[in-house]
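entry_37.cif follows; it contains mmCIF, C-alpha atoms.
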data_final
loop_
_atom_site.label_atom_id
_atom_site.label_comp_id
_atom_site.auth_asym_id
_atom_site.auth_seq_id
_atom_site.Cartn_x
_atom_site.Cartn_y
_atom_site.Cartn_z
CA MET A 1 -32.30 -6.44 46.24
CA LYS A 2 -28.83 -5.37 45.16
CA ARG A 3 -26.58 -8.24 44.13
CA SER A 4 -22.90 -8.61 43.58
CA LEU A 5 -21.32 -11.93 42.70
CA GLU A 6 -17.75 -12.77 41.92
CA ILE A 7 -16.20 -16.18 41.36
CA THR A 8 -12.59 -15.28 41.02
CA ARG A 9 -8.94 -16.27 41.26
CA ASP A 10 -8.20 -13.01 43.09
CA ARG A 11 -7.64 -12.78 46.81
CA ILE A 12 -10.57 -11.55 48.87
CA ASP A 13 -9.81 -8.03 50.07
CA GLU A 14 -12.21 -7.67 52.98
CA ALA A 15 -11.21 -4.12 53.86
CA ALA A 16 -11.79 -2.93 50.29
CA LEU A 17 -15.15 -4.71 50.12
CA ILE A 18 -16.27 -3.16 53.40
CA ALA A 19 -15.14 0.27 52.24
CA GLN A 20 -17.52 -0.09 49.29
CA ARG A 21 -20.49 -0.97 51.49
CA GLN A 22 -23.64 1.01 50.87
CA LEU A 23 -26.68 0.82 53.06
CA SER A 24 -29.80 2.90 53.22
CA THR A 25 -30.88 4.53 56.47
CA GLU A 26 -33.50 1.85 57.16
CA MET A 27 -30.93 -0.94 57.42
CA GLY A 28 -29.91 -2.05 60.90
CA ALA A 29 -28.02 -5.31 60.38
CA VAL A 30 -24.98 -6.30 58.37
CA ILE A 31 -23.65 -9.84 58.54
CA TYR A 32 -20.44 -11.19 57.10
CA PHE A 33 -19.56 -14.80 56.72
CA VAL A 34 -15.96 -15.58 55.90
CA GLY A 35 -15.15 -19.19 55.07
CA VAL A 36 -11.50 -19.97 55.67
CA VAL A 37 -9.46 -22.96 54.43
CA ARG A 38 -8.67 -25.27 57.36
CA GLY A 39 -5.39 -27.10 57.82
CA LEU A 40 -7.04 -30.48 58.30
CA GLU A 41 -9.16 -32.23 55.69
CA GLY A 42 -10.54 -35.18 57.65
CA ASP A 43 -7.40 -36.42 59.43
CA VAL A 44 -4.98 -35.24 56.80
CA GLN A 45 -2.84 -32.13 57.13
CA ILE A 46 -3.11 -30.03 53.98
CA SER A 47 -1.49 -26.80 52.85
CA ALA A 48 -4.18 -25.48 50.51
CA ILE A 49 -7.37 -26.31 48.66
CA ASP A 50 -7.63 -26.15 44.90
CA TYR A 51 -11.18 -25.00 44.06
CA GLU A 52 -12.70 -25.86 40.70
CA ALA A 53 -15.94 -24.35 39.45
CA PHE A 54 -18.24 -24.93 36.52
CA GLN A 55 -18.28 -21.18 36.41
CA LYS A 56 -21.23 -20.35 34.16
CA MET A 57 -23.49 -22.77 36.00
CA ALA A 58 -22.17 -21.66 39.41
CA GLU A 59 -23.06 -18.06 38.60
CA HIS A 60 -26.50 -19.07 37.37
CA GLN A 61 -27.18 -21.20 40.45
CA PHE A 62 -26.11 -18.36 42.75
CA GLN A 63 -28.51 -16.04 40.92
CA LEU A 64 -31.34 -18.57 41.39
CA LEU A 65 -30.53 -18.63 45.12
CA PHE A 66 -30.53 -14.82 45.21
CA ASP A 67 -33.96 -14.88 43.49
CA GLN A 68 -35.30 -17.09 46.25
CA MET A 69 -33.66 -15.02 48.99
CA GLU A 70 -35.26 -11.90 47.62
CA LYS A 71 -38.72 -13.48 47.74
CA ARG A 72 -38.26 -14.83 51.21
CA TRP A 73 -36.58 -12.06 53.20
CA PRO A 74 -36.49 -8.24 53.05
CA ILE A 75 -32.80 -8.15 52.17
CA GLU A 76 -31.46 -4.87 50.78
CA SER A 77 -28.21 -6.25 49.45
CA VAL A 78 -26.21 -9.43 49.06
CA ARG A 79 -22.57 -9.54 48.00
CA LEU A 80 -20.75 -12.81 47.56
CA MET A 81 -17.22 -13.65 46.50
CA HIS A 82 -15.92 -17.21 46.05
CA ARG A 83 -12.33 -17.93 45.17
CA ILE A 84 -11.30 -20.62 42.74
CA GLY A 85 -7.85 -22.02 42.14
CA VAL A 86 -5.41 -22.64 44.96
CA VAL A 87 -6.39 -21.06 48.29
CA LYS A 88 -3.89 -21.53 51.10
CA VAL A 89 -4.74 -22.69 54.61
CA ASN A 90 -5.88 -19.72 56.74
CA GLU A 91 -7.00 -17.71 53.71
CA PRO A 92 -10.66 -16.91 52.99
CA SER A 93 -12.24 -18.87 50.15
CA LEU A 94 -15.74 -17.45 50.61
CA TRP A 95 -16.99 -14.03 51.64
CA VAL A 96 -20.67 -13.17 52.03
CA GLU A 97 -22.29 -9.91 53.08
CA ILE A 98 -25.99 -9.57 53.84
CA ILE A 99 -27.62 -6.22 54.62
CA ALA A 100 -31.12 -6.20 56.08
CA PRO A 101 -33.35 -4.10 58.32
CA HIS A 102 -33.01 -6.50 61.28
CA ARG A 103 -30.63 -9.18 62.39
CA GLY A 104 -33.20 -12.00 62.37
CA GLU A 105 -33.66 -11.99 58.61
CA ALA A 106 -29.98 -11.26 57.99
CA PHE A 107 -28.85 -14.33 59.98
CA ALA A 108 -31.57 -16.55 58.50
CA ALA A 109 -30.80 -15.53 54.92
CA CYS A 110 -27.05 -15.84 55.34
CA GLN A 111 -27.23 -19.34 56.79
CA TRP A 112 -29.76 -20.43 54.20
CA LEU A 113 -27.62 -19.09 51.36
CA ILE A 114 -24.52 -20.97 52.49
CA ASP A 115 -26.44 -24.21 53.10
CA GLU A 116 -28.01 -23.99 49.65
CA MET A 117 -24.71 -23.07 48.01
CA LYS A 118 -23.23 -26.28 49.40
CA ARG A 119 -26.14 -28.20 47.90
CA VAL A 120 -26.42 -26.75 44.39
CA VAL A 121 -23.54 -24.50 43.32
CA PRO A 122 -21.06 -26.51 41.21
CA ILE A 123 -17.79 -25.82 42.98
CA TRP A 124 -15.48 -28.58 44.17
CA LYS A 125 -12.40 -28.79 46.27
CA LYS A 126 -9.22 -30.79 46.02
CA PRO A 127 -6.80 -30.75 48.96
CA VAL A 128 -3.23 -29.78 48.06
CA MET B 129 -11.33 -18.81 74.12
CA LYS B 130 -9.72 -15.47 73.33
CA ARG B 131 -11.83 -12.46 74.30
CA SER B 132 -11.71 -8.83 73.47
CA LEU B 133 -14.32 -6.40 74.73
CA GLU B 134 -14.57 -2.67 74.30
CA ILE B 135 -17.38 -0.36 75.33
CA THR B 136 -16.21 2.87 73.89
CA ARG B 137 -16.99 6.35 72.59
CA ASP B 138 -14.65 5.75 69.64
CA ARG B 139 -15.86 4.96 66.15
CA ILE B 140 -15.73 1.32 65.12
CA ASP B 141 -12.92 0.88 62.60
CA GLU B 142 -13.88 -2.39 60.92
CA ALA B 143 -10.90 -2.50 58.58
CA ALA B 144 -8.45 -2.07 61.47
CA LEU B 145 -10.22 -4.72 63.52
CA ILE B 146 -10.15 -7.17 60.62
CA ALA B 147 -6.46 -6.45 60.02
CA GLN B 148 -5.80 -7.57 63.62
CA ARG B 149 -7.66 -10.86 63.18
CA GLN B 150 -5.79 -13.96 64.28
CA LEU B 151 -7.00 -17.44 63.65
CA SER B 152 -5.34 -20.79 64.04
CA THR B 153 -5.17 -23.21 61.12
CA GLU B 154 -8.05 -25.28 62.46
CA MET B 155 -10.57 -22.45 62.17
CA GLY B 156 -12.90 -22.46 59.17
CA ALA B 157 -15.57 -19.88 59.97
CA VAL B 158 -15.51 -16.20 60.83
CA ILE B 159 -18.74 -14.31 61.39
CA TYR B 160 -19.23 -10.60 61.80
CA PHE B 161 -22.35 -8.92 63.01
CA VAL B 162 -22.52 -5.18 62.56
CA GLY B 163 -25.46 -3.42 64.19
CA VAL B 164 -26.18 -0.11 62.51
CA VAL B 165 -28.32 2.79 63.79
CA ARG B 166 -31.53 2.99 61.75
CA GLY B 167 -33.19 6.23 60.70
CA LEU B 168 -36.57 5.24 62.09
CA GLU B 169 -37.27 4.54 65.74
CA GLY B 170 -40.81 3.20 65.62
CA ASP B 171 -42.48 5.73 63.30
CA VAL B 172 -40.23 8.62 64.19
CA GLN B 173 -37.37 9.83 62.01
CA ILE B 174 -34.23 10.20 64.10
CA SER B 175 -30.72 11.42 63.34
CA ALA B 176 -28.76 9.48 65.94
CA ILE B 177 -29.01 7.35 69.06
CA ASP B 178 -27.39 8.33 72.32
CA TYR B 179 -26.24 5.14 74.04
CA GLU B 180 -25.80 5.05 77.80
CA ALA B 181 -24.11 2.20 79.62
CA PHE B 182 -23.65 1.20 83.24
CA GLN B 183 -20.16 0.42 82.05
CA LYS B 184 -18.72 -1.69 84.86
CA MET B 185 -21.78 -3.89 84.99
CA ALA B 186 -22.04 -4.06 81.19
CA GLU B 187 -18.45 -5.34 80.98
CA HIS B 188 -19.11 -7.88 83.73
CA GLN B 189 -22.31 -9.11 82.09
CA PHE B 190 -20.55 -9.48 78.73
CA GLN B 191 -17.85 -11.56 80.46
CA LEU B 192 -20.52 -13.79 82.02
CA LEU B 193 -21.99 -14.30 78.54
CA PHE B 194 -18.53 -15.12 77.16
CA ASP B 195 -18.12 -17.66 79.99
CA GLN B 196 -21.31 -19.37 78.90
CA MET B 197 -20.37 -19.23 75.22
CA GLU B 198 -17.08 -20.88 75.96
CA LYS B 199 -18.78 -23.77 77.76
CA ARG B 200 -21.36 -24.24 75.06
CA TRP B 201 -19.48 -23.94 71.76
CA PRO B 202 -15.92 -24.59 70.54
CA ILE B 203 -15.27 -20.91 69.82
CA GLU B 204 -11.63 -19.89 69.38
CA SER B 205 -12.17 -16.17 69.71
CA VAL B 206 -14.82 -13.55 70.34
CA ARG B 207 -14.27 -9.83 69.88
CA LEU B 208 -17.00 -7.33 70.66
CA MET B 209 -17.15 -3.57 70.46
CA HIS B 210 -20.16 -1.49 71.55
CA ARG B 211 -20.25 2.24 71.13
CA ILE B 212 -21.71 4.57 73.73
CA GLY B 213 -22.56 8.23 73.38
CA VAL B 214 -24.07 9.65 70.21
CA VAL B 215 -23.98 7.31 67.21
CA LYS B 216 -25.36 8.74 63.98
CA VAL B 217 -27.84 7.01 61.71
CA ASN B 218 -26.03 4.64 59.32
CA GLU B 219 -23.05 4.22 61.66
CA PRO B 220 -22.28 0.94 63.44
CA SER B 221 -23.06 0.86 67.15
CA LEU B 222 -22.15 -2.82 67.65
CA TRP B 223 -19.49 -5.02 66.09
CA VAL B 224 -19.09 -8.70 66.91
CA GLU B 225 -16.60 -11.21 65.54
CA ILE B 226 -16.80 -14.94 66.23
CA ILE B 227 -14.13 -17.38 65.05
CA ALA B 228 -14.89 -21.09 65.17
CA PRO B 229 -13.97 -24.33 63.41
CA HIS B 230 -17.32 -24.53 61.56
CA ARG B 231 -20.07 -22.16 60.59
CA GLY B 232 -22.82 -23.94 62.56
CA GLU B 233 -21.36 -23.10 65.95
CA ALA B 234 -20.22 -19.66 64.79
CA PHE B 235 -23.74 -18.66 63.70
CA ALA B 236 -25.37 -20.20 66.77
CA ALA B 237 -22.99 -18.50 69.20
CA CYS B 238 -23.21 -15.13 67.47
CA GLN B 239 -27.01 -15.06 67.49
CA TRP B 240 -27.16 -16.30 71.07
CA LEU B 241 -24.68 -13.65 72.20
CA ILE B 242 -26.65 -10.79 70.66
CA ASP B 243 -29.97 -12.09 71.99
CA GLU B 244 -28.53 -12.42 75.49
CA MET B 245 -26.85 -9.02 75.30
CA LYS B 246 -30.25 -7.46 74.62
CA ARG B 247 -31.59 -9.23 77.70
CA VAL B 248 -28.91 -8.61 80.31
CA VAL B 249 -26.25 -6.06 79.34
CA PRO B 250 -27.11 -2.66 80.86
CA ILE B 251 -26.97 -0.40 77.83
CA TRP B 252 -29.84 1.88 76.85
CA LYS B 253 -30.66 4.05 73.91
CA LYS B 254 -32.21 7.47 73.57
CA PRO B 255 -33.16 8.70 70.08
CA VAL B 256 -31.71 12.07 69.14
CA MET C 257 -27.02 0.97 107.34
CA ARG C 258 -26.94 3.39 104.46
CA ILE C 259 -27.29 1.93 100.98
CA ALA C 260 -26.23 3.84 97.85
CA VAL C 261 -28.71 3.74 94.98
CA HIS C 262 -28.05 4.61 91.30
CA PHE C 263 -30.63 5.19 88.60
CA TYR C 264 -29.95 4.63 84.91
CA SER C 265 -31.57 5.51 81.61
CA TYR C 266 -35.01 7.16 81.86
CA PHE C 267 -35.25 6.24 85.54
CA LYS C 268 -33.02 9.28 86.04
CA GLU C 269 -35.70 11.50 84.48
CA LEU C 270 -38.51 9.65 86.24
CA THR C 271 -36.94 10.22 89.64
CA GLY C 272 -35.13 13.44 88.79
CA CYS C 273 -32.17 11.76 90.45
CA GLU C 274 -28.98 9.96 89.41
CA ARG C 275 -27.80 8.81 92.77
CA THR C 276 -29.27 8.76 96.28
CA SER C 277 -28.89 6.77 99.47
CA VAL C 278 -31.40 5.15 101.77
CA GLU C 279 -31.14 4.32 105.48
CA LEU C 280 -32.28 0.79 106.26
CA PRO C 281 -32.17 -1.53 109.29
CA PRO C 282 -29.64 -4.39 109.13
CA GLU C 283 -30.80 -7.52 107.29
CA SER C 284 -33.12 -5.50 105.06
CA ARG C 285 -33.92 -6.99 101.70
CA LEU C 286 -33.95 -5.42 98.26
CA SER C 287 -37.76 -5.45 98.47
CA ASP C 288 -37.60 -3.25 101.59
CA LEU C 289 -35.28 -0.83 99.80
CA TYR C 290 -37.57 -0.82 96.78
CA GLN C 291 -40.62 0.06 98.93
CA LYS C 292 -38.75 3.01 100.43
CA LEU C 293 -37.70 4.19 96.98
CA ILE C 294 -41.29 4.06 95.70
CA THR C 295 -42.39 6.22 98.62
CA GLN C 296 -39.64 8.71 97.82
CA PHE C 297 -40.09 8.55 94.00
CA PRO C 298 -43.74 7.59 93.37
CA LYS C 299 -43.30 7.55 89.57
CA LEU C 300 -41.18 4.42 89.92
CA ALA C 301 -44.24 2.43 90.98
CA ALA C 302 -45.70 2.33 87.46
CA MET C 303 -42.49 0.65 86.22
CA GLU C 304 -42.39 -1.99 88.93
CA LYS C 305 -42.92 -5.00 86.67
CA SER C 306 -40.14 -4.08 84.27
CA THR C 307 -37.64 -2.65 86.76
CA LEU C 308 -34.30 -4.45 86.86
CA ILE C 309 -32.23 -4.34 90.03
CA ALA C 310 -28.52 -5.00 90.41
CA VAL C 311 -26.30 -5.08 93.46
CA GLY C 312 -22.81 -4.16 92.38
CA VAL C 313 -22.50 -5.61 88.86
CA ASP C 314 -24.86 -8.57 89.29
CA TYR C 315 -28.61 -8.87 88.99
CA GLN C 316 -30.38 -9.78 92.22
CA THR C 317 -33.90 -10.79 93.09
CA ARG C 318 -36.02 -8.84 95.55
CA ASP C 319 -35.32 -11.26 98.42
CA TYR C 320 -31.57 -10.45 98.36
CA VAL C 321 -30.38 -9.49 101.86
CA LEU C 322 -28.49 -6.20 101.75
CA LYS C 323 -25.07 -5.76 103.34
CA PRO C 324 -23.35 -2.51 104.34
CA GLY C 325 -21.42 -1.18 101.34
CA ASP C 326 -23.78 -2.64 98.73
CA GLU C 327 -24.35 -0.37 95.74
CA VAL C 328 -27.79 -0.85 94.25
CA SER C 329 -28.77 0.09 90.71
CA LEU C 330 -32.29 0.40 89.32
CA PHE C 331 -32.98 0.59 85.62
CA PRO C 332 -35.51 -0.18 82.90
CA PRO C 333 -35.15 -3.06 80.41
CA VAL C 334 -31.83 -2.93 78.58
CA GLN C 335 -31.58 -2.13 74.86
CA GLY C 336 -28.03 -2.65 73.67
CA GLY C 337 -27.10 -3.22 70.05
CA MET D 338 -28.08 -36.24 17.36
CA ARG D 339 -24.70 -35.69 18.97
CA ILE D 340 -24.72 -34.51 22.58
CA ALA D 341 -21.67 -32.87 24.17
CA VAL D 342 -20.79 -34.13 27.63
CA HIS D 343 -18.51 -32.45 30.22
CA PHE D 344 -17.09 -34.00 33.35
CA TYR D 345 -16.11 -32.00 36.41
CA SER D 346 -14.12 -32.56 39.58
CA TYR D 347 -12.91 -36.12 40.16
CA PHE D 348 -15.20 -37.41 37.44
CA LYS D 349 -12.46 -36.18 35.09
CA GLU D 350 -9.99 -38.55 36.73
CA LEU D 351 -12.53 -41.35 36.99
CA THR D 352 -13.26 -41.19 33.26
CA GLY D 353 -9.86 -39.91 32.18
CA CYS D 354 -11.87 -37.40 30.16
CA GLU D 355 -12.92 -33.75 30.40
CA ARG D 356 -15.20 -33.59 27.44
CA THR D 357 -16.73 -36.13 25.08
CA SER D 358 -19.78 -36.46 22.87
CA VAL D 359 -22.33 -39.21 22.46
CA GLU D 360 -24.52 -40.08 19.46
CA LEU D 361 -28.14 -40.66 20.42
CA PRO D 362 -31.43 -41.11 18.57
CA PRO D 363 -33.84 -38.14 18.66
CA GLU D 364 -36.08 -37.90 21.76
CA SER D 365 -33.50 -39.69 23.89
CA ARG D 366 -33.60 -38.97 27.60
CA LEU D 367 -30.81 -38.17 30.02
CA SER D 368 -31.16 -41.72 31.35
CA ASP D 369 -30.33 -43.07 27.88
CA LEU D 370 -27.27 -40.86 27.66
CA TYR D 371 -26.23 -41.92 31.14
CA GLN D 372 -26.44 -45.62 30.23
CA LYS D 373 -24.22 -45.03 27.20
CA LEU D 374 -21.71 -43.15 29.34
CA ILE D 375 -21.57 -45.96 31.89
CA THR D 376 -20.79 -48.42 29.12
CA GLN D 377 -18.04 -46.15 27.87
CA PHE D 378 -16.72 -45.23 31.35
CA PRO D 379 -17.57 -48.16 33.66
CA LYS D 380 -16.09 -46.45 36.73
CA LEU D 381 -18.97 -43.97 36.66
CA ALA D 382 -21.39 -46.71 37.63
CA ALA D 383 -20.20 -46.83 41.25
CA MET D 384 -21.04 -43.13 41.59
CA GLU D 385 -24.52 -43.41 40.13
CA LYS D 386 -26.44 -42.48 43.29
CA SER D 387 -24.47 -39.31 43.93
CA THR D 388 -23.99 -38.17 40.34
CA LEU D 389 -25.48 -34.77 39.54
CA ILE D 390 -26.49 -33.98 35.98
CA ALA D 391 -27.02 -30.59 34.41
CA VAL D 392 -28.15 -29.56 30.96
CA GLY D 393 -26.68 -26.18 30.19
CA VAL D 394 -26.62 -24.39 33.56
CA ASP D 395 -29.66 -26.10 35.12
CA TYR D 396 -30.04 -29.37 36.97
CA GLN D 397 -32.23 -31.90 35.22
CA THR D 398 -33.72 -35.23 36.22
CA ARG D 399 -33.01 -38.42 34.28
CA ASP D 400 -36.31 -38.25 32.39
CA TYR D 401 -35.32 -34.95 30.69
CA VAL D 402 -35.73 -35.25 26.90
CA LEU D 403 -32.55 -34.17 25.13
CA LYS D 404 -32.55 -31.67 22.28
CA PRO D 405 -29.87 -31.11 19.67
CA GLY D 406 -27.35 -28.59 20.98
CA ASP D 407 -27.82 -29.56 24.66
CA GLU D 408 -24.61 -29.53 26.65
CA VAL D 409 -24.68 -32.08 29.45
CA SER D 410 -22.49 -31.97 32.54
CA LEU D 411 -21.86 -34.77 35.01
CA PHE D 412 -20.28 -34.18 38.37
CA PRO D 413 -20.06 -35.42 41.95
CA PRO D 414 -21.74 -33.64 44.92
CA VAL D 415 -20.70 -30.01 45.11
CA GLN D 416 -18.50 -28.68 47.92
CA GLY D 417 -18.30 -24.91 47.72
CA GLY D 418 -17.35 -22.71 50.64
#

This structure in structure tokens:
Amino acid sequence: MKRSLEITRDRIDEAALIAQRQLSTEMGAVIYFVGVVRGLEGDVQISAIDYEAFQKMAEHQFQLLFDQMEKRWPIESVRLMHRIGVVKVNEPSLWVEIIAPHRGEAFAACQWLIDEMKRVVPIWKKPV
Amino acid sequence: MKRSLEITRDRIDEAALIAQRQLSTEMGAVIYFVGVVRGLEGDVQISAIDYEAFQKMAEHQFQLLFDQMEKRWPIESVRLMHRIGVVKVNEPSLWVEIIAPHRGEAFAACQWLIDEMKRVVPIWKKPV
Amino acid sequence: MRIAVHFYSYFKELTGCERTSVELPPESRLSDLYQKLITQFPKLAAMEKSTLIAVGVDYQTRDYVLKPGDEVSLFPPVQGG
Amino acid sequence: MRIAVHFYSYFKELTGCERTSVELPPESRLSDLYQKLITQFPKLAAMEKSTLIAVGVDYQTRDYVLKPGDEVSLFPPVQGG
């Protein structure tokens, strides 16, 4: 399984990421999940979220999740980008791409990865 | 719910479609499904798939599915593009975008839409 | 009344026909039309269980009562995506 | 042995501290360290149930036996995405 992981202060350039996509001829399904900062945190209007990461551990925990994904589903490639620092409302904070032979495993793996990320990857948010 | 539907002989330009994305500040989840033509149809190596549609009915059936989606989930926008004619191996034949407040409904609606499409939308494929 | 019939996908090859029309008495049902089509295109019979039938742009069951002007489409299971 | 401790997210505000270190006898467990930290930073106590603890880059349970050089991190539930 090919892996690409970036926890970064840079903006997520979806078009550039898609332009770099590589998939073998046996792959039939590509899924993207884009997590976007919402303008309401609970009842409170916010303008941005300031993301903090324990970066070394976050990277390690993502790799552990990728290890499990690889055992569980026939995924050809996973690419994940998570922004840290201030991300404005309406901007993507998370971008995930899963490439698999069929959509069933692609959807299952993508949802699982995000659920698990929210459980174990040390990233926190502070509304701004 | 905003809708955009295109059943077309044109190539799917993902970057252009993403550049046109509009989402309100309450939206937190964007999902893309890209269906790509695989090089094997059963056991047989193929070079492309020739898609045929009963176009008027296909458009109507997609709209009926969008009607149901709208009743069932708080989706802000759905955009769908399906190619017809010859689509080469490794090229996208289907592109779906779902925008919703949270990922749960976005994933559920996207999977449901594709499952239902494969049940009711009159499009057929012929390996080339 | 004369009912227009369209075939899609490999039903075109099976019947050797894209479009035909069938003369039916008033109040005929889709099942009556289907029986006539099977007589005319016997290879359709083998596909009976999986054949989908639409009138205009909507699916209809075999007990649908045909009206003058209806356009009927017959096709195999769909495979979009 | 002296064990380095890092706080993340609002635990930094709760403790008023990003990084500290705690002197512990050999063979001490994470639970021993945690008790010392609560004495030093009483506001941590209210968060006990939801506090996550890592040694290095891996989560550990409270019965983990500390070794010299271990770097311990304490933080609230994670919220990526």

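Closest to chain B among C:Ala310, C:Met257, C:Ser287, C:Glu269 is C:Ala310, based on all atoms listed in the file.
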
**OP:** Excluding region 246-252 of chain B and residues on its chain fewer than 5 positions from it, collect all residues at most 12 Å away from it, counting all atoms listed in the file, and give them as JSON, numbers by chain.
**Re:** {"B": [135, 136, 177, 178, 179, 180, 181, 182, 183, 184, 185, 186, 187, 188, 189, 190, 191, 192, 193, 210, 211, 212, 213, 214, 221, 222, 239, 240, 241], "C": [263, 264, 265, 266, 267, 306, 308, 309, 310, 313, 314, 315, 329, 330, 331, 332, 333, 334, 335, 336, 337]}

After a least-squares superposition on chain C using every in-order C-alpha pair, I'd like chain D written out as a tab-separated table (two decimals) with C-alpha atoms, in the coordinates of the input.
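Below is the file out_22.tsv, written as the result:
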chain	number	residue	atom	x	y	z
D	338	MET	CA	-27.03	0.96	107.33
D	339	ARG	CA	-26.96	3.41	104.45
D	340	ILE	CA	-27.30	1.93	100.97
D	341	ALA	CA	-26.24	3.85	97.85
D	342	VAL	CA	-28.71	3.75	94.98
D	343	HIS	CA	-28.05	4.62	91.30
D	344	PHE	CA	-30.62	5.19	88.61
D	345	TYR	CA	-29.94	4.64	84.92
D	346	SER	CA	-31.58	5.51	81.63
D	347	TYR	CA	-35.00	7.16	81.88
D	348	PHE	CA	-35.25	6.25	85.54
D	349	LYS	CA	-33.02	9.30	86.05
D	350	GLU	CA	-35.69	11.51	84.49
D	351	LEU	CA	-38.52	9.67	86.22
D	352	THR	CA	-36.94	10.22	89.64
D	353	GLY	CA	-35.13	13.44	88.80
D	354	CYS	CA	-32.16	11.76	90.45
D	355	GLU	CA	-28.97	9.96	89.41
D	356	ARG	CA	-27.79	8.83	92.77
D	357	THR	CA	-29.28	8.75	96.26
D	358	SER	CA	-28.90	6.77	99.45
D	359	VAL	CA	-31.42	5.13	101.74
D	360	GLU	CA	-31.16	4.32	105.46
D	361	LEU	CA	-32.30	0.79	106.26
D	362	PRO	CA	-32.18	-1.51	109.28
D	363	PRO	CA	-29.64	-4.37	109.13
D	364	GLU	CA	-30.79	-7.52	107.28
D	365	SER	CA	-33.11	-5.50	105.06
D	366	ARG	CA	-33.92	-7.00	101.68
D	367	LEU	CA	-33.97	-5.42	98.25
D	368	SER	CA	-37.77	-5.45	98.46
D	369	ASP	CA	-37.59	-3.24	101.57
D	370	LEU	CA	-35.29	-0.81	99.80
D	371	TYR	CA	-37.57	-0.82	96.78
D	372	GLN	CA	-40.61	0.07	98.91
D	373	LYS	CA	-38.74	3.01	100.42
D	374	LEU	CA	-37.71	4.20	96.97
D	375	ILE	CA	-41.28	4.05	95.70
D	376	THR	CA	-42.39	6.21	98.60
D	377	GLN	CA	-39.65	8.69	97.81
D	378	PHE	CA	-40.10	8.53	94.01
D	379	PRO	CA	-43.75	7.58	93.37
D	380	LYS	CA	-43.31	7.54	89.59
D	381	LEU	CA	-41.18	4.41	89.93
D	382	ALA	CA	-44.23	2.43	90.98
D	383	ALA	CA	-45.70	2.32	87.46
D	384	MET	CA	-42.49	0.67	86.24
D	385	GLU	CA	-42.38	-1.97	88.94
D	386	LYS	CA	-42.90	-5.00	86.68
D	387	SER	CA	-40.13	-4.06	84.28
D	388	THR	CA	-37.63	-2.65	86.76
D	389	LEU	CA	-34.29	-4.45	86.87
D	390	ILE	CA	-32.22	-4.34	90.03
D	391	ALA	CA	-28.53	-5.00	90.42
D	392	VAL	CA	-26.29	-5.08	93.46
D	393	GLY	CA	-22.80	-4.17	92.39
D	394	VAL	CA	-22.49	-5.63	88.87
D	395	ASP	CA	-24.86	-8.59	89.31
D	396	TYR	CA	-28.61	-8.89	89.00
D	397	GLN	CA	-30.37	-9.78	92.22
D	398	THR	CA	-33.91	-10.80	93.09
D	399	ARG	CA	-36.02	-8.83	95.56
D	400	ASP	CA	-35.32	-11.25	98.41
D	401	TYR	CA	-31.56	-10.45	98.34
D	402	VAL	CA	-30.37	-9.49	101.84
D	403	LEU	CA	-28.48	-6.20	101.74
D	404	LYS	CA	-25.06	-5.75	103.32
D	405	PRO	CA	-23.35	-2.53	104.31
D	406	GLY	CA	-21.41	-1.18	101.34
D	407	ASP	CA	-23.78	-2.65	98.71
D	408	GLU	CA	-24.34	-0.38	95.74
D	409	VAL	CA	-27.79	-0.86	94.25
D	410	SER	CA	-28.77	0.08	90.72
D	411	LEU	CA	-32.28	0.41	89.32
D	412	PHE	CA	-32.97	0.60	85.63
D	413	PRO	CA	-35.51	-0.15	82.91
D	414	PRO	CA	-35.15	-3.07	80.42
D	415	VAL	CA	-31.84	-2.93	78.61
D	416	GLN	CA	-31.59	-2.13	74.89
D	417	GLY	CA	-28.05	-2.67	73.70
D	418	GLY	CA	-27.13	-3.24	70.08

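Residue selection for this entry, given the PyMOL selection byres ((chain A and resi 74) around 8), comprises Glu70, Lys71, Arg72, Trp73, Ile75, Glu76, Ala100, Pro101 and Glu105 of chain A.
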
**OP:** Return as JSON, numbers by chain the residues belonging to chain A that are within 10 Å of chain B, counting all atoms listed in the file.
**Re:** {"A": [14, 15, 16, 17, 18, 19, 22, 23, 24, 25, 26, 27, 28, 29, 30, 31, 32, 33, 34, 35, 36, 37, 38, 39, 40, 41, 47, 89, 90, 91, 92, 93, 94, 95, 96, 97, 98, 99, 101, 102, 103, 104, 106, 107, 108, 110, 111, 114]}

**OP:** Just say which residues the PyMOL selection byres ((chain A and resi 3) around 6) picks in this file, as a PyMOL selection string.
**Re:** chain A and resi 2+4+77-79

Put the listed atoms of region 157-171 of chain B in a box along x, y and z with 3 Å added on every side and give me the centre and edge lengths in Å to one decimal, as AutoDock Vina command-line options.
--center_x -29.0 --center_y -6.8 --center_z 62.9 --size_x 33.0 --size_y 32.1 --size_z 11.8

**OP:** Identify, on the basis of only C-alpha atoms, every residue whose closest approach to region 271-275 of chain C does not exceed 6 Å; exclude the query and any residue fewer than 6 positions from it along the same chain; express the result as a list in words.
**Re:** Val261, His262, Phe263 and Phe297 of chain C

The selected residues should be written to file as a PDB file, in the coordinates of the input (atoms: C-alpha atoms).
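Generated file (part_39.pdb):
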ATOM      1  CA  VAL C 261     -28.710   3.740  94.980  1.00  0.00           C
ATOM      2  CA  HIS C 262     -28.050   4.610  91.300  1.00  0.00           C
ATOM      3  CA  PHE C 263     -30.630   5.190  88.600  1.00  0.00           C
ATOM      4  CA  PHE C 297     -40.090   8.550  94.000  1.00  0.00           C
TER       5      PHE C 297
END

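For the atom pair formed by CA of Arg149 (chain B) and CA of Glu244 (chain B), the distance is 24.3 Å, given to one decimal.
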
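A straight line drawn from CA of Thr388 (chain D) to CA of Lys404 (chain D) is 21.0 Å long.
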